[in-house]
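The structure file protein-v4.txt is reproduced below (compact mmCIF, C-alpha atoms).
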```txt
# COMPACT_ATOMS: atom_id res chain seq x y z
CA MET E 1 0.00 0.00 0.00
CA LEU E 2 1.08 3.57 -0.74
CA LYS E 3 1.77 5.70 2.33
CA ALA E 4 0.05 9.08 2.62
CA GLY E 5 3.38 10.83 2.83
CA ALA E 6 4.91 9.02 -0.12
CA ARG E 7 6.48 11.33 -2.63
CA ASP E 8 4.95 11.39 -6.10
CA PRO E 9 7.73 10.41 -8.54
CA ALA E 10 5.97 12.29 -11.36
CA ALA E 11 5.69 15.55 -9.42
CA TRP E 12 8.86 17.17 -10.77
CA PRO E 13 8.20 16.20 -14.43
CA ARG E 14 4.69 17.62 -14.16
CA LEU E 15 5.99 20.80 -12.59
CA LEU E 16 8.64 21.18 -15.29
CA LEU E 17 6.06 20.59 -18.02
CA ALA E 18 3.77 23.20 -16.46
CA LEU E 19 6.60 25.74 -16.29
CA LEU E 20 7.58 24.95 -19.89
CA ALA E 21 3.97 25.43 -21.02
CA LEU E 22 3.82 28.80 -19.26
CA ALA E 23 7.16 29.84 -20.76
CA VAL E 24 5.85 29.03 -24.25
CA LEU E 25 2.39 30.53 -23.69
CA TRP E 26 3.45 33.82 -22.12
CA PRO E 27 5.22 35.28 -25.21
CA GLY E 28 2.21 34.32 -27.31
CA LEU E 29 -0.13 36.16 -24.97
CA ARG E 30 2.14 39.21 -25.05
CA LEU E 31 2.41 39.21 -28.85
CA SER E 32 -1.34 38.78 -29.31
CA GLU E 33 -1.94 41.75 -26.96
CA LEU E 34 -4.68 39.81 -25.19
CA ASN E 35 -6.46 42.01 -22.66
CA PRO E 36 -9.83 40.58 -21.60
CA TRP E 37 -10.24 43.27 -18.96
CA VAL E 38 -11.05 45.78 -21.68
CA LEU E 39 -14.49 44.15 -21.94
CA LEU E 40 -15.24 45.23 -18.36
CA GLN E 41 -14.67 48.91 -18.99
CA ALA E 42 -17.79 51.05 -18.62
CA HIS E 43 -17.79 52.36 -22.18
CA ASN E 44 -17.31 48.92 -23.68
CA ARG E 45 -19.98 47.38 -21.45
CA GLN E 46 -22.42 49.99 -22.72
CA GLN E 47 -21.50 49.29 -26.34
CA ILE E 48 -21.86 45.52 -25.87
CA ALA E 49 -25.25 45.91 -24.19
CA SER E 50 -26.47 48.19 -26.97
CA PHE E 51 -25.18 45.82 -29.67
CA THR E 52 -26.67 42.65 -28.17
CA GLY E 53 -29.93 44.39 -27.31
CA ALA E 54 -30.51 45.06 -31.01
CA PHE E 55 -30.68 41.29 -31.61
CA TRP E 56 -34.11 41.07 -29.94
CA PRO E 57 -36.67 40.38 -31.21
CA PRO E 58 -35.44 38.26 -34.15
CA ALA E 59 -36.80 39.35 -37.50
CA HIS E 60 -39.67 37.22 -38.80
CA GLY E 61 -41.26 39.14 -41.66
CA ASP E 62 -42.51 37.15 -44.65
CA GLU E 63 -40.22 38.89 -47.13
CA PHE E 64 -37.18 38.46 -44.91
CA LEU E 65 -37.95 34.79 -44.20
CA LYS E 66 -38.16 34.16 -47.93
CA LEU E 67 -34.74 35.80 -48.37
CA LEU E 68 -33.40 33.75 -45.45
CA TYR E 69 -34.72 30.53 -47.00
CA GLU E 70 -32.98 31.25 -50.30
CA ALA E 71 -29.72 32.21 -48.57
CA THR E 72 -29.82 29.03 -46.43
CA LEU E 73 -30.37 26.85 -49.48
CA GLN E 74 -27.51 28.61 -51.23
CA THR E 75 -25.22 27.98 -48.26
CA LEU E 76 -26.11 24.28 -48.29
CA ALA E 77 -25.61 24.16 -52.05
CA VAL E 78 -22.18 25.78 -51.82
CA ALA E 79 -21.05 23.36 -49.09
CA THR E 80 -22.46 20.28 -50.83
CA ALA E 81 -21.21 21.15 -54.31
CA GLY E 82 -17.78 22.03 -52.93
CA MET E 83 -17.60 18.74 -51.05
CA ALA E 84 -18.67 16.79 -54.14
CA LEU E 85 -15.89 18.35 -56.20
CA ALA E 86 -13.45 17.79 -53.34
CA LEU E 87 -14.35 14.10 -53.22
CA LEU E 88 -13.72 13.76 -56.96
CA LEU E 89 -10.17 14.96 -56.34
CA ALA E 90 -9.57 13.48 -52.88
CA VAL E 91 -10.52 9.84 -53.47
CA PRO E 92 -8.11 9.14 -56.37
CA ALA E 93 -5.42 11.27 -54.74
CA SER E 94 -5.75 9.34 -51.48
CA LEU E 95 -5.37 6.03 -53.31
CA LEU E 96 -2.26 7.32 -55.05
CA ALA E 97 -0.82 8.69 -51.80
CA SER E 98 -1.53 5.54 -49.79
CA ARG E 99 0.59 2.40 -49.77
CA ALA E 100 -2.47 0.26 -48.98
CA LEU E 101 -2.75 -0.98 -52.59
CA SER E 102 0.97 -1.35 -53.28
CA LEU E 103 1.79 -4.69 -54.91
CA ARG E 104 5.33 -4.55 -53.50
CA ALA E 105 3.95 -3.89 -50.01
CA ALA E 106 1.63 -6.88 -50.40
CA SER E 107 4.54 -9.15 -51.32
CA ARG E 108 6.83 -7.76 -48.58
CA GLY E 109 4.36 -7.91 -45.71
CA GLY E 110 3.33 -4.27 -45.77
CA HIS E 111 6.71 -2.63 -46.51
CA ALA E 112 6.69 -0.59 -49.71
CA GLY E 113 9.77 -0.12 -51.85
CA VAL E 114 11.81 3.04 -52.25
CA TRP E 115 10.46 3.81 -55.71
CA SER E 116 6.88 3.47 -54.49
CA ARG E 117 7.58 5.99 -51.76
CA LEU E 118 9.21 8.41 -54.19
CA LEU E 119 6.26 8.16 -56.58
CA ARG E 120 3.84 9.00 -53.78
CA LEU E 121 5.79 12.07 -52.65
CA PRO E 122 4.49 14.41 -55.42
CA VAL E 123 0.89 13.45 -54.64
CA ARG E 124 1.43 14.05 -50.95
CA GLY E 125 3.08 17.37 -51.78
CA VAL E 126 0.07 18.48 -53.82
CA LEU E 127 -2.27 17.53 -50.98
CA ILE E 128 -0.13 19.51 -48.53
CA PHE E 129 -0.24 22.57 -50.79
CA LEU E 130 -4.00 22.38 -51.30
CA ARG E 131 -4.79 22.25 -47.59
CA SER E 132 -2.08 24.69 -46.50
CA VAL E 133 -3.95 27.71 -47.93
CA PRO E 134 -7.16 28.48 -45.95
CA GLU E 135 -10.44 28.42 -47.85
CA ILE E 136 -11.05 32.09 -47.09
CA VAL E 137 -7.87 32.97 -49.01
CA TRP E 138 -8.93 30.80 -51.97
CA ALA E 139 -12.34 32.49 -51.83
CA LEU E 140 -10.71 35.92 -52.04
CA LEU E 141 -8.70 34.80 -55.05
CA PHE E 142 -11.70 33.27 -56.82
CA VAL E 143 -13.88 36.31 -56.12
CA ARG E 144 -11.30 38.33 -58.06
CA ALA E 145 -11.20 35.69 -60.81
CA VAL E 146 -14.88 34.77 -61.32
CA GLY E 147 -16.65 37.63 -59.58
CA LEU E 148 -19.00 37.81 -56.62
CA GLY E 149 -21.30 34.86 -55.99
CA PRO E 150 -21.38 31.27 -54.78
CA THR E 151 -19.08 29.96 -57.53
CA ALA E 152 -16.06 31.34 -55.70
CA GLY E 153 -17.13 29.58 -52.50
CA VAL E 154 -17.66 26.24 -54.26
CA LEU E 155 -14.21 26.35 -55.85
CA ALA E 156 -12.54 27.43 -52.61
CA ILE E 157 -14.09 24.56 -50.64
CA ALA E 158 -13.31 22.07 -53.41
CA ILE E 159 -9.61 22.95 -53.46
CA THR E 160 -8.99 23.21 -49.72
CA TYR E 161 -11.07 20.22 -48.69
CA SER E 162 -9.67 17.97 -51.41
CA GLY E 163 -6.28 18.31 -49.70
CA MET E 164 -7.74 17.65 -46.25
CA LEU E 165 -9.87 14.70 -47.33
CA GLY E 166 -7.11 13.18 -49.45
CA LYS E 167 -4.63 13.22 -46.57
CA VAL E 168 -7.03 11.77 -44.00
CA TYR E 169 -8.45 9.16 -46.39
CA ALA E 170 -4.94 7.93 -47.17
CA GLU E 171 -4.17 7.60 -43.46
CA ILE E 172 -7.46 5.77 -42.83
CA PHE E 173 -6.79 3.32 -45.67
CA GLU E 174 -3.34 2.60 -44.25
CA SER E 175 -4.57 2.24 -40.65
CA VAL E 176 -7.08 -0.57 -41.28
CA ASP E 177 -6.15 -4.24 -41.56
CA GLN E 178 -4.20 -4.63 -44.82
CA ARG E 179 -4.23 -8.42 -44.96
CA PRO E 180 -7.52 -8.84 -46.90
CA ALA E 181 -6.40 -6.40 -49.60
CA HIS E 182 -2.91 -7.92 -49.79
CA ALA E 183 -4.39 -11.40 -50.10
CA LEU E 184 -6.60 -10.26 -52.98
CA LEU E 185 -3.66 -8.59 -54.72
CA GLN E 186 -1.48 -11.67 -54.36
CA ALA E 187 -4.32 -13.79 -55.75
CA GLY E 188 -4.34 -11.70 -58.93
CA SER E 189 -7.17 -9.32 -58.13
CA GLY E 190 -7.19 -5.80 -59.55
CA ARG E 191 -6.40 -2.86 -57.30
CA LEU E 192 -9.92 -1.44 -57.53
CA ALA E 193 -11.46 -4.77 -56.49
CA ALA E 194 -8.90 -5.13 -53.68
CA PHE E 195 -9.83 -1.67 -52.45
CA CYS E 196 -13.60 -2.24 -52.63
CA TYR E 197 -13.53 -5.65 -50.94
CA GLY E 198 -10.37 -5.52 -48.83
CA ILE E 199 -10.04 -1.92 -47.59
CA LEU E 200 -13.38 -0.15 -47.89
CA PRO E 201 -15.49 -2.46 -45.65
CA SER E 202 -13.17 -1.83 -42.70
CA ALA E 203 -12.70 1.88 -43.38
CA SER E 204 -16.22 2.85 -44.45
CA ALA E 205 -17.53 3.90 -41.02
CA GLU E 206 -14.54 6.14 -40.31
CA VAL E 207 -14.56 7.56 -43.83
CA VAL E 208 -18.26 8.41 -43.69
CA SER E 209 -17.95 9.93 -40.22
CA TYR E 210 -15.05 12.16 -41.26
CA THR E 211 -16.74 13.10 -44.53
CA VAL E 212 -19.91 14.25 -42.78
CA TYR E 213 -17.81 16.16 -40.26
CA ARG E 214 -16.01 17.90 -43.11
CA TRP E 215 -19.35 18.69 -44.75
CA GLU E 216 -20.38 20.36 -41.48
CA CYS E 217 -17.11 22.32 -41.57
CA ALA E 218 -17.86 23.23 -45.20
CA VAL E 219 -21.24 24.64 -44.15
CA ARG E 220 -19.52 26.84 -41.57
CA ALA E 221 -16.82 27.80 -44.04
CA SER E 222 -19.39 28.77 -46.68
CA VAL E 223 -20.95 31.17 -44.17
CA VAL E 224 -17.57 32.72 -43.40
CA MET E 225 -16.71 33.04 -47.09
CA GLY E 226 -19.96 34.92 -47.63
CA PHE E 227 -18.33 37.88 -45.87
CA VAL E 228 -15.92 38.23 -48.81
CA GLY E 229 -18.67 38.01 -51.43
CA ALA E 230 -19.17 34.26 -51.89
CA GLY E 231 -22.94 34.40 -51.33
CA GLY E 232 -25.15 32.51 -48.91
CA LEU E 233 -25.91 33.30 -45.29
CA GLY E 234 -22.57 34.97 -44.69
CA GLN E 235 -23.18 37.63 -47.31
CA GLN E 236 -26.66 38.33 -45.95
CA ILE E 237 -25.31 38.56 -42.38
CA ASP E 238 -22.68 41.03 -43.58
CA LEU E 239 -25.31 43.17 -45.29
CA SER E 240 -27.60 43.12 -42.24
CA MET E 241 -24.73 44.05 -39.91
CA ARG E 242 -23.81 46.95 -42.17
CA MET E 243 -27.41 48.19 -41.87
CA PHE E 244 -27.41 47.61 -38.07
CA ALA E 245 -30.35 45.20 -38.43
CA GLY E 246 -29.67 43.12 -35.33
CA GLY E 247 -32.97 41.24 -35.52
CA GLU E 248 -32.14 39.94 -38.98
CA VAL E 249 -28.69 38.86 -37.81
CA ALA E 250 -30.23 37.00 -34.86
CA THR E 251 -32.62 35.08 -37.13
CA MET E 252 -29.82 34.15 -39.53
CA LEU E 253 -27.65 32.96 -36.65
CA LEU E 254 -30.52 30.73 -35.51
CA ALA E 255 -30.79 29.36 -39.06
CA PHE E 256 -27.06 28.69 -39.04
CA LEU E 257 -27.42 26.86 -35.72
CA GLY E 258 -30.13 24.72 -37.31
CA LEU E 259 -27.78 23.79 -40.16
CA VAL E 260 -25.09 22.66 -37.73
CA LEU E 261 -27.62 20.59 -35.76
CA LEU E 262 -28.80 19.04 -39.02
CA ALA E 263 -25.25 18.04 -39.95
CA ASP E 264 -24.65 16.61 -36.46
CA GLY E 265 -27.87 14.56 -36.63
CA LEU E 266 -26.98 13.26 -40.08
CA SER E 267 -23.54 12.22 -38.84
CA ARG E 268 -25.04 10.32 -35.89
CA LEU E 269 -27.56 8.58 -38.16
CA LEU E 270 -24.94 7.44 -40.64
CA ARG E 271 -22.54 6.25 -37.95
CA GLY E 272 -25.37 4.30 -36.33
CA ARG E 273 -26.28 2.62 -39.61
CA LEU E 274 -22.67 1.67 -40.33
CA ALA E 275 -21.85 0.51 -36.80
```
Encoding of this model in structure tokens:
Amino acid sequence: MLKAGARDPAAWPRLLLALLALAVLWPGLRLSELNPWVLLQAHNRQQIASFTGAFWPPAHGDEFLKLLYEATLQTLAVATAGMALALLLAVPASLLASRALSLRAASRGGHAGVWSRLLRLPVRGVLIFLRSVPEIVWALLFVRAVGLGPTAGVLAIAITYSGMLGKVYAEIFESVDQRPAHALLQAGSGRLAAFCYGILPSASAEVVSYTVYRWECAVRASVVMGFVGAGGLGQQIDLSMRMFAGGEVATMLLAFLGLVLLADGLSRLLRGRLA
């Protein structure tokens, strides 16, 4: 039994880790000029109360609700179309970037050759580049290229999320049991058949769960990109905020909350069906 006065052997490592975390965090707080106490100043408290008070009651006029309905559908369309295009790029890229379907890996017990690794490097590099630039930056670029509207948002989501999905899909395909796919490849099966029958059954639940999560992120991103002219709820929120129409902003925020709840419910349903 441990005595009450026994010394914790992990006390000093924990203390050193805590001090190291503070040493790393403190310069970041100084550089970010974080000052939460400014919110408690009398003038700022008055401004915050006046701003939040304008959110009530939420707008519910027939003409505004019709506009809200169209903007919500456009936001869903931007997120869904962008995800569809991203999947068209991500799925083949993930198969090229993964060693799950490597014939040499199948014959060597999962260890790919040097040339296979070198051939996958350019694909991995492209995926890194695509996801390294935030979708808001791509949206700004496409707004300049194709003009204002949802097209810029669709293209921005497609490019950024293809890199994210491709990377994660490749890691999922490599993390599942490789033996069924390797057995099919060694028996003379094609790579597509080995993927469909050897990899996909084990990875489908995780792939679907992550895909729906990314679709939820795409819905949020499409709202954010609306502030730079990519259409949807974000653009309408920006216009209402410019006109100091707090009630309209409150209603649109409630609609946005409903979209996120819808995506969360869809994710739970699909995971339950695939479990």
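For the residues E:Val208, E:Leu200, E:Ala181, E:Ile159, ranking by smallest atom-to-atom distance to Gly272 in chain E using only C-alpha atoms places E:Val208 first.
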In Å, rounded to a single decimal, give me how far CA of Ala194 in chain E is from CA of Asp177 in chain E.
12.5 Å
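Nearest-residue note for Gly234 in chain E: choosing from E:Ala205, E:Leu85, E:Thr75, E:His182, the minimum distance belongs to E:Thr75, counting all atoms listed in the file.
Proximity ranking of E:Val133, E:Met243, E:Val219, E:Ala203 relative to Ala170 in chain E places E:Ala203 first, based on all atoms listed in the file.
For the set E:Val223, E:Leu184, E:Cys217, E:Leu76, the residue with the smallest atom-to-atom gap to Ala139 in chain E is E:Val223, counting all atoms listed in the file.
Separating CA of Phe244 in chain E from CA of Ala59 in chain E is a distance of 12.5 Å.
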Report, in Å to a single decimal, how far apart CA of Ala145 in chain E and CA of Met225 in chain E are.
15.0 Å
